[in-house]
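The structure appears right after this line, and notes come after that.
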There are 2 protein chains.
Amino acid sequence: MKLQTQQQLKAPSISNLGRHILAEFYNCNSNVLNNLELIETSMVDAATECGATVVEKNFHMFNPYGVSGVVIISESHLAIHTWPEYGYAAVDLFTCGDSCDPLVAYEYLKDKLGAGSAIYTELQRGMFDGKTNQVMVSPFQIKTHID
Amino acid sequence: MKLQTQQQLKAPSISNLGRHILAEFYNCNSNVLNNLELIETSMVDAATECGATVVEKNFHMFNPYGVSGVVIISESHLAIHTWPEYGYAAVDLFTCGDSCDPLVAYEYLKDKLGAGSAIYTELQRGMFDGKTNQVMVSPFQIKTHID
């Protein structure tokens with residue numbers, strides 16, 4: 001497949017299968033970041049808040065500190081990795097379809113983690129041509145937002 | 001925390017906690033994309049191949065087709081979502097530390113999925129200042145590579 005140009009990507013028949021938000025949360029509440037139950041609840045609730053359907057979840061507590069976890073949703077996944085020692089959490093929110101808005105999950109988690117500041121970038125995944133019914137080889141469409 | 005400039009980011013004391021590869025695989029083998037056992041095995045093996053330690057795994061088959069799954073590793077996670085009807089898979093490979101190279105997992109999966117073409121972008125996660133022992137608020141460092 002040939003690489004699509006920016007102009008072609010703006011054609012009305014072009015859409016993206018998914019939206020992938022990658023977020024960095026800084027100066028968070030370290031006690032929250034090191035609490036598996038709180039992190040798991042926050043992530044599951046963030047999924048529900050943003051309109052997603054939770055399918056599976058898996059969270060793990062590391063030694064001496066830190067939590068990693070993923071919520072698989074019908075619409076893809078939400079993932080988190082925390083560094084309580086730095087007050088930092090790396091989050092990614094990948095949703096597909098129109099029923100979810102990953103930015104709702106982003107705002108929800110920023111609040112629950114007590115983040116002092118945050119930054120996110122949004123990638124469009126799976127550029128789709130409705131005319132040919134195919135996913136196109138396409139450079140990533142990336143937008144960065146600083147809170 | 002003030003926003004760090006590009007110049008400051010090149011200081012020797014600056015490093016990143018993790019590397020996050022987001023990959024699009026096109027024209028894959030649709031039978032593989034729709035086979036949960038094959039996808040799960042490929043993802044777990046990709047994790048091992050790239051030097052990661054598998055902690056948990058969770059894979060789900062969707063109706064009528066498509067597989068979603070995540071491998072949580074000590075070093076963060078590998079995730080995949082497949083669209084067999086389009087021969088397309090969205091993958092993300094997030095690793096931390098020096099013992100893993102997520103690009104090894106990328107190449108391994110490109111082969112196992114039978115991808116005709118692929119594109120990936122790499123984000124540096126958690127910019128860390130070794131002098132202050134803090135994670136810095138920093139714009140994403142993003143590099144895109146087209147195979």
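Residue numbering restarts at 1 for every chain of the structure tokens, chains are lettered A, B, ... in their displayed order, and ligands are numbered from 1 as they appear.
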
Residues near stretch 75-86 of chain B, cut-off 6 Å, only C-alpha atoms, skip fewer than 4 positions along chain, as a list in words
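So, after excluding close chain neighbours, the residues are Ser30, Leu33, Asn34, Gly66, Val67, Ser68, Gly69, Val70, Val71, Ala90, Val91, Asp92, Leu93, Phe94, Thr95 and Cys96 of chain B.
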
For stretch 129-133 of chain B, please output as a PyMOL selection string all residues within 7 Å (counting only C-alpha atoms; exclusion window: fewer than 3 positions along the same chain).
chain B and resi 13-15+136

I'd like the interatomic distance between atom CA of B:Ser42 and atom CA of B:Thr121, to a tenth of an Å.
20.8 Å

Can you list, as number ranges by chain, every residue of chain A that DSSP puts in helix (DSSP H, G or I)?
A: 6-9, 30-33, 36-49, 84-86, 102-112

My list of candidates is B:Met43, B:Leu109, B:Ala89, B:Ile21. Which is closest to chain A when distances are computed with only C-alpha atoms?
B:Ala89

Give the strand (DSSP E) residues of chain B, as DSSP finds them on the backbone, and put them as an MDAnalysis selection string.
chainID B and resid 14:26 54:61 67:73 76:83 88:96 117:129 134:135 141:146

Among B:Pro12, B:Glu24, B:Gly97, B:Gly116, B:Thr53 is approached most closely, using only C-alpha atoms, by B:Gly97

To one decimal place, how far is atom CA of B:Thr41 from atom CA of B:Asn29 in Å?
15.4 Å

Please indicate the distance in Å from atom CA of B:Ile146 to atom CA of B:Phe25, rounded to one decimal place.
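Value for the atom CA of B:Ile146-atom CA of B:Phe25 distance: 10.8 Å.
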
So which one's closest to chain B, A:Leu17, A:Ala47, A:Ala11, A:Val104? Using only C-alpha atoms, please.
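Ranking A:Leu17, A:Ala47, A:Ala11, A:Val104 by distance to chain B, first place goes to A:Leu17.
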
Nearest to chain A, chosen from B:Glu40, B:Glu49, B:Glu56, B:Glu122, with only C-alpha atoms counted in the distances:
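Between B:Glu40, B:Glu49, B:Glu56, B:Glu122, the residue approaching chain A most closely is B:Glu56.
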